>>> print(open('protein.csv').read())   # CSV, C-alpha atoms
chain,number,residue,atom,x,y,z
A,1,MET,CA,103.6,131.8,100.1
A,2,GLU,CA,101.0,131.9,102.8
A,3,ARG,CA,101.4,129.1,105.3
A,4,GLN,CA,98.4,126.8,105.6
A,5,GLY,CA,98.2,124.9,108.8
A,6,TYR,CA,100.2,122.8,111.3
A,7,GLN,CA,104.0,123.2,110.9
A,8,GLN,CA,106.7,120.8,111.9
A,9,THR,CA,110.4,121.5,111.4
A,10,VAL,CA,112.6,118.4,111.1
A,11,LYS,CA,116.2,117.5,110.4
A,12,ILE,CA,116.8,114.6,108.0
A,13,ARG,CA,118.3,111.7,109.8
A,14,TYR,CA,120.8,109.2,108.5
A,15,ASP,CA,118.3,106.3,108.7
A,16,GLN,CA,116.0,108.3,106.4
A,17,VAL,CA,118.4,108.6,103.4
A,18,ASP,CA,119.4,106.3,100.6
A,19,SER,CA,122.8,105.6,99.1
A,20,ASN,CA,122.9,109.1,97.6
A,21,ALA,CA,122.3,110.8,101.0
A,22,ARG,CA,118.9,111.9,99.8
A,23,MET,CA,115.7,111.2,101.7
A,24,SER,CA,114.2,108.0,100.5
A,25,ALA,CA,110.7,107.8,99.1
A,26,ALA,CA,109.6,105.5,101.9
A,27,ALA,CA,111.1,107.9,104.5
A,28,LEU,CA,109.2,110.8,102.9
A,29,LEU,CA,105.9,108.9,103.1
A,30,ALA,CA,106.6,108.0,106.7
A,31,ALA,CA,107.3,111.6,107.5
A,32,LEU,CA,104.1,112.8,105.9
A,33,GLN,CA,102.2,110.2,108.0
A,34,ASP,CA,104.0,111.3,111.1
A,35,ALA,CA,103.1,114.9,110.5
A,36,ALA,CA,99.4,113.9,110.2
A,37,ILE,CA,99.7,112.1,113.6
A,38,SER,CA,101.4,115.1,115.2
A,39,HIS,CA,98.8,117.5,113.8
A,40,SER,CA,96.0,115.4,115.2
A,41,ASP,CA,97.8,115.1,118.5
A,42,ALA,CA,98.0,118.9,118.7
A,43,LEU,CA,94.3,119.2,118.1
A,44,GLY,CA,93.6,116.8,121.0
A,45,TYR,CA,93.2,113.6,119.0
A,46,SER,CA,96.2,111.6,120.1
A,47,LEU,CA,96.7,107.9,119.4
A,48,ALA,CA,95.7,107.2,123.0
A,49,TYR,CA,92.5,109.3,122.6
A,50,MET,CA,91.6,107.4,119.4
A,51,ALA,CA,92.3,104.1,121.0
A,52,GLU,CA,90.1,105.0,124.0
A,53,HIS,CA,87.2,105.8,121.7
A,54,GLN,CA,88.1,102.8,119.4
A,55,TRP,CA,88.4,105.1,116.3
A,56,GLY,CA,91.1,105.2,113.7
A,57,TRP,CA,92.1,106.9,110.4
A,58,ALA,CA,93.0,104.7,107.4
A,59,VAL,CA,94.7,106.3,104.4
A,60,ILE,CA,93.3,105.2,101.1
A,61,HIS,CA,95.0,107.5,98.6
A,62,TRP,CA,98.3,109.5,98.2
A,63,HIS,CA,99.5,111.8,95.5
A,64,ILE,CA,102.9,113.3,96.0
A,65,ARG,CA,104.8,115.6,93.7
A,66,ILE,CA,108.5,115.8,94.4
A,67,TYR,CA,110.5,118.8,93.2
A,68,ARG,CA,113.6,118.0,95.2
A,69,MET,CA,114.3,115.4,97.9
A,70,PRO,CA,115.9,116.7,101.2
A,71,MET,CA,119.5,115.8,101.9
A,72,HIS,CA,121.0,114.2,105.0
A,73,LEU,CA,121.1,116.7,107.9
A,74,GLU,CA,119.0,119.2,105.9
A,75,THR,CA,116.4,121.0,108.0
A,76,VAL,CA,113.0,121.3,106.3
A,77,CYS,CA,109.6,122.7,107.2
A,78,MET,CA,106.6,120.4,106.7
A,79,GLU,CA,103.1,121.8,106.7
A,80,THR,CA,99.9,119.9,106.8
A,81,TRP,CA,96.2,120.7,107.0
A,82,SER,CA,92.8,119.2,106.4
A,83,ASN,CA,91.3,120.7,103.2
A,84,LYS,CA,88.2,118.6,103.4
A,85,CYS,CA,86.5,116.7,106.3
A,86,ARG,CA,83.0,115.4,106.1
A,87,LYS,CA,80.9,112.3,106.6
A,88,MET,CA,83.2,109.3,106.7
A,89,GLN,CA,86.3,110.8,105.1
A,90,ALA,CA,88.8,113.6,105.0
A,91,GLU,CA,91.5,115.0,102.7
A,92,ARG,CA,94.8,116.1,104.0
A,93,SER,CA,97.3,118.3,102.2
A,94,TYR,CA,101.0,118.9,102.6
A,95,PHE,CA,103.8,121.3,101.6
A,96,LEU,CA,107.5,120.7,102.3
A,97,PHE,CA,109.9,123.7,102.2
A,98,ASP,CA,113.7,123.9,102.4
A,99,GLY,CA,115.5,126.4,104.6
A,100,ALA,CA,115.4,129.0,101.8
A,101,GLY,CA,111.6,128.7,101.6
A,102,GLU,CA,111.7,126.9,98.3
A,103,LYS,CA,108.9,124.3,97.9
A,104,MET,CA,110.2,120.7,97.7
A,105,VAL,CA,107.0,118.7,97.8
A,106,ASP,CA,103.2,119.0,97.2
A,107,ALA,CA,101.1,116.2,98.5
A,108,ILE,CA,97.5,115.3,99.1
A,109,SER,CA,95.9,112.3,100.7
A,110,ARG,CA,92.5,110.9,101.4
A,111,TRP,CA,91.6,109.1,104.7
A,112,ILE,CA,88.6,107.0,105.9
A,113,PHE,CA,87.4,107.3,109.5
A,114,MET,CA,87.0,103.9,111.0
A,115,ASP,CA,85.3,102.2,113.9
A,116,ALA,CA,88.0,100.0,115.3
A,117,ARG,CA,85.5,97.5,116.8
A,118,THR,CA,83.7,96.8,113.5
A,119,ARG,CA,86.6,97.7,111.2
A,120,LYS,CA,84.1,99.6,109.1
A,121,PRO,CA,83.8,103.3,108.1
A,122,THR,CA,81.8,105.6,110.4
A,123,ASN,CA,80.9,109.2,110.5
A,124,VAL,CA,83.5,111.7,111.7
A,125,PRO,CA,82.2,113.4,114.9
A,126,GLU,CA,81.1,117.0,114.4
A,127,HIS,CA,83.6,118.3,117.0
A,128,MET,CA,86.4,116.7,115.0
A,129,ILE,CA,85.3,118.2,111.8
A,130,GLN,CA,85.2,121.7,113.4
A,131,ARG,CA,88.7,121.3,114.8
A,132,TYR,CA,90.3,120.0,111.6
A,133,GLY,CA,88.6,122.5,109.4
A,134,SER,CA,87.5,121.8,105.9
A,135,ASN,CA,87.6,125.1,103.9
A,136,GLN,CA,91.3,125.5,103.1
A,137,ILE,CA,92.7,125.0,99.6
A,138,PRO,CA,94.1,121.6,98.6
A,139,ALA,CA,97.8,121.3,97.9
A,140,ILE,CA,96.9,119.7,94.5
A,141,GLU,CA,93.7,121.1,93.2
A,142,GLY,CA,91.3,119.0,91.2
A,143,GLU,CA,92.8,115.7,92.4
A,144,THR,CA,90.6,112.7,91.5
A,145,PHE,CA,93.1,109.9,92.6
A,146,GLN,CA,92.6,108.0,89.3
A,147,MET,CA,94.9,105.0,88.7
A,148,PRO,CA,95.8,103.1,85.5
A,149,THR,CA,94.4,99.6,84.7
A,150,ARG,CA,96.6,96.6,84.9
A,151,PRO,CA,98.5,96.0,81.6
A,152,LYS,CA,97.9,92.8,79.7
A,153,GLU,CA,101.6,92.1,79.1
A,154,ALA,CA,103.8,90.2,81.6
A,155,PRO,CA,105.3,92.2,84.5
A,156,VAL,CA,109.0,93.0,84.5
A,157,ALA,CA,109.3,91.8,88.1
A,158,ALA,CA,107.2,89.9,90.6
A,159,GLN,CA,107.6,88.5,94.1
A,160,THR,CA,105.7,86.7,96.8
A,161,LEU,CA,105.9,87.9,100.4
A,162,THR,CA,104.3,87.3,103.8
A,163,VAL,CA,103.2,90.2,106.0
A,164,ALA,CA,105.4,90.1,109.2
A,165,ARG,CA,104.9,91.5,112.7
A,166,ARG,CA,107.2,94.4,111.9
A,167,ASP,CA,105.0,95.5,109.0
A,168,THR,CA,101.9,96.2,111.1
A,169,ASP,CA,100.9,99.4,112.9
A,170,THR,CA,98.5,100.4,115.7
A,171,ASN,CA,95.5,99.7,113.4
A,172,GLY,CA,96.6,96.0,113.2
A,173,HIS,CA,97.1,96.0,109.5
A,174,ALA,CA,100.2,96.5,107.2
A,175,ASN,CA,101.3,100.2,107.4
A,176,ASN,CA,100.8,102.1,104.2
A,177,VAL,CA,104.6,102.8,104.0
A,178,LYS,CA,105.3,99.0,103.7
A,179,TYR,CA,103.5,98.8,100.4
A,180,LEU,CA,105.8,101.4,98.9
A,181,GLU,CA,108.9,99.6,100.3
A,182,TRP,CA,107.6,96.3,98.8
A,183,ALA,CA,107.0,98.0,95.4
A,184,LEU,CA,110.4,99.6,95.3
A,185,GLU,CA,112.1,96.2,95.6
A,186,ASP,CA,110.6,95.4,92.2
A,187,ILE,CA,112.0,98.4,90.4
A,188,PRO,CA,114.7,97.5,87.8
A,189,ASP,CA,118.2,98.5,88.8
A,190,ASP,CA,118.7,100.7,85.7
A,191,ILE,CA,115.7,102.9,86.9
A,192,TYR,CA,116.3,102.8,90.6
A,193,GLU,CA,120.0,103.6,90.4
A,194,HIS,CA,120.0,106.2,87.7
A,195,MET,CA,116.7,108.0,88.0
A,196,ASP,CA,114.7,110.0,90.6
A,197,ILE,CA,111.0,109.8,91.6
A,198,GLN,CA,109.2,112.9,90.6
A,199,ASP,CA,105.6,111.8,91.3
A,200,MET,CA,104.0,109.1,93.5
A,201,ARG,CA,100.5,107.9,93.5
A,202,LEU,CA,99.3,105.2,95.8
A,203,VAL,CA,95.8,103.7,96.4
A,204,TYR,CA,94.9,101.1,99.1
A,205,ARG,CA,91.9,99.0,98.3
A,206,LYS,CA,91.9,96.3,100.9
A,207,GLU,CA,93.9,95.9,104.2
A,208,CYS,CA,96.2,93.0,104.8
A,209,ARG,CA,97.3,91.7,108.2
A,210,ARG,CA,100.1,89.7,109.8
A,211,GLY,CA,100.5,86.3,108.2
A,212,ASP,CA,98.8,87.2,104.9
A,213,THR,CA,100.6,86.2,101.7
A,214,LEU,CA,100.9,88.9,98.9
A,215,GLN,CA,102.1,88.9,95.3
A,216,THR,CA,103.5,91.9,93.5
A,217,GLN,CA,103.5,92.5,89.8
A,218,THR,CA,105.5,95.5,88.4
A,219,TYR,CA,105.2,97.0,85.0
A,220,VAL,CA,107.4,99.6,83.2
A,221,MET,CA,106.1,102.0,80.5
A,222,ASP,CA,107.3,105.1,78.8
A,223,THR,CA,105.0,108.2,79.0
A,224,PRO,CA,105.4,111.8,77.7
A,225,GLU,CA,106.3,112.8,81.3
A,226,GLY,CA,109.0,110.1,81.8
A,227,THR,CA,109.4,106.5,82.8
A,228,GLN,CA,106.5,105.1,84.8
A,229,THR,CA,106.4,102.1,87.0
A,230,VAL,CA,103.2,100.5,88.1
A,231,THR,CA,103.0,97.9,90.9
A,232,PHE,CA,99.9,95.9,91.8
A,233,LEU,CA,99.8,94.1,95.1
A,234,THR,CA,97.3,91.2,95.2
A,235,ASP,CA,96.2,88.5,97.5
A,236,ALA,CA,96.1,84.7,96.7
A,237,ALA,CA,92.8,85.2,94.9
A,238,ASP,CA,94.4,87.9,92.7
A,239,THR,CA,92.3,90.6,94.3
A,240,VAL,CA,94.1,93.9,94.1
A,241,LEU,CA,95.0,95.2,97.6
A,242,ALA,CA,97.0,98.2,96.5
A,243,GLU,CA,98.4,100.0,93.5
A,244,ILE,CA,101.6,102.2,93.3
A,245,VAL,CA,102.4,104.4,90.4
A,246,LEU,CA,105.9,106.1,90.3
A,247,LEU,CA,107.1,108.6,87.7
A,248,TRP,CA,110.8,108.6,87.2
A,249,ALA,CA,113.1,111.1,85.4
A,250,GLY,CA,116.8,111.5,84.9
A,251,ARG,CA,118.7,111.9,88.1
A,252,ARG,CA,119.2,115.5,89.2
A,253,SER,CA,122.8,116.6,90.1
>>> encode(input="protein.csv", output="structure tokens")
Amino acid sequence: MERQGYQQTVKIRYDQVDSNARMSAAALLAALQDAAISHSDALGYSLAYMAEHQWGWAVIHWHIRIYRMPMHLETVCMETWSNKCRKMQAERSYFLFDGAGEKMVDAISRWIFMDARTRKPTNVPEHMIQRYGSNQIPAIEGETFQMPTRPKEAPVAAQTLTVARRDTDTNGHANNVKYLEWALEDIPDDIYEHMDIQDMRLVYRKECRRGDTLQTQTYVMDTPEGTQTVTFLTDAADTVLAEIVLLWAGRRS
């Protein structure tokens, strides 16, 4: 397969794996985020540069297809590129390959360019659009980032939590990986311990900051593709802050 953009080879660390020595879903999401930061840094847009200009990128959508999770100490090649960059937003794609060149992950994300002073979207500078590029193919074509509506029945699990200092990032809000970690705590044991995630979709609708109180509601439903869990994270007024949809299937050997 023709390689698309920035490439980063990594070895899976012990702190990135679960009890089955497979890379965890949260660690995968963090690695994708880190690859985006590394790519931007290679283009001249480091975190220091962005802070100096009081700019920032905020991810609002993820769609990740998982064919196989990396194992502990496995070396993998991660590729990322901007398949669209215009006005106030960009789309970023990813491939993940194992050492034999077999694809492990397809992923696509959507990001909003922010003015850190006003915390509002602003136009991406033209020089940045040119460096990122915007004419490559997306990793998942035709992606619309559609999410399901909240079911009317009672959730199978719920919790209340407070955003802590350790949950925040350089933008001052809860890092996007934390929402996934919170959602995974709600997954019933019979699913989490005996099934694998094959597909992840996440949408972030409103930021939360240190000290904010959140509620989670998680639902389980059967679909033709497998078991689906849907987690809604809301604030005290029941405004949806984020939604996380995970598709699970029988554990691979």
>>> residues_around(input="protein.csv", residues="Ala25 (chain A)", least_positions_apart="4", cutoff="10 Å", atoms="all atoms listed in the file", output="list of chain:residue names")
A:Gln16, A:Val17, A:Asp18, A:Leu29, A:Ala30, A:Ala31, A:Ile66, A:Met69, A:Val177, A:Leu180, A:Glu181, A:Leu184, A:Asp196, A:Ile197, A:Met200
>>> atom_distance(input="protein.csv", atom1="CA of Asp186 (chain A)", atom2="CA of Leu247 (chain A)")
14.4 Å
>>> closest_residue(input="protein.csv", among="A:Leu233, A:Met71, A:Met78, A:Ala48", to="Leu32 (chain A)", atoms="all atoms listed in the file")
A:Met78
>>> residues_near_point(input="protein.csv", point="(92.4, 110.3, 103.4)", cutoff="7 Å", atoms="all atoms listed in the file", output="compact mmCIF listing (two decimals) with C-alpha atoms, keeping the file's coordinate frame")
# COMPACT_ATOMS: atom_id res chain seq x y z
CA ALA A 58 93.00 104.70 107.40
CA VAL A 59 94.70 106.30 104.40
CA ILE A 60 93.30 105.20 101.10
CA HIS A 61 95.00 107.50 98.60
CA GLN A 89 86.30 110.80 105.10
CA ALA A 90 88.80 113.60 105.00
CA GLU A 91 91.50 115.00 102.70
CA ARG A 92 94.80 116.10 104.00
CA SER A 109 95.90 112.30 100.70
CA ARG A 110 92.50 110.90 101.40
CA TRP A 111 91.60 109.10 104.70
CA ILE A 112 88.60 107.00 105.90
>>> atom_distance(input="protein.csv", atom1="CA of Thr216 (chain A)", atom2="CA of Ala158 (chain A)")
5.1 Å
>>> atom_distance(input="protein.csv", atom1="CA of Met50 (chain A)", atom2="CA of Glu243 (chain A)")
27.8 Å
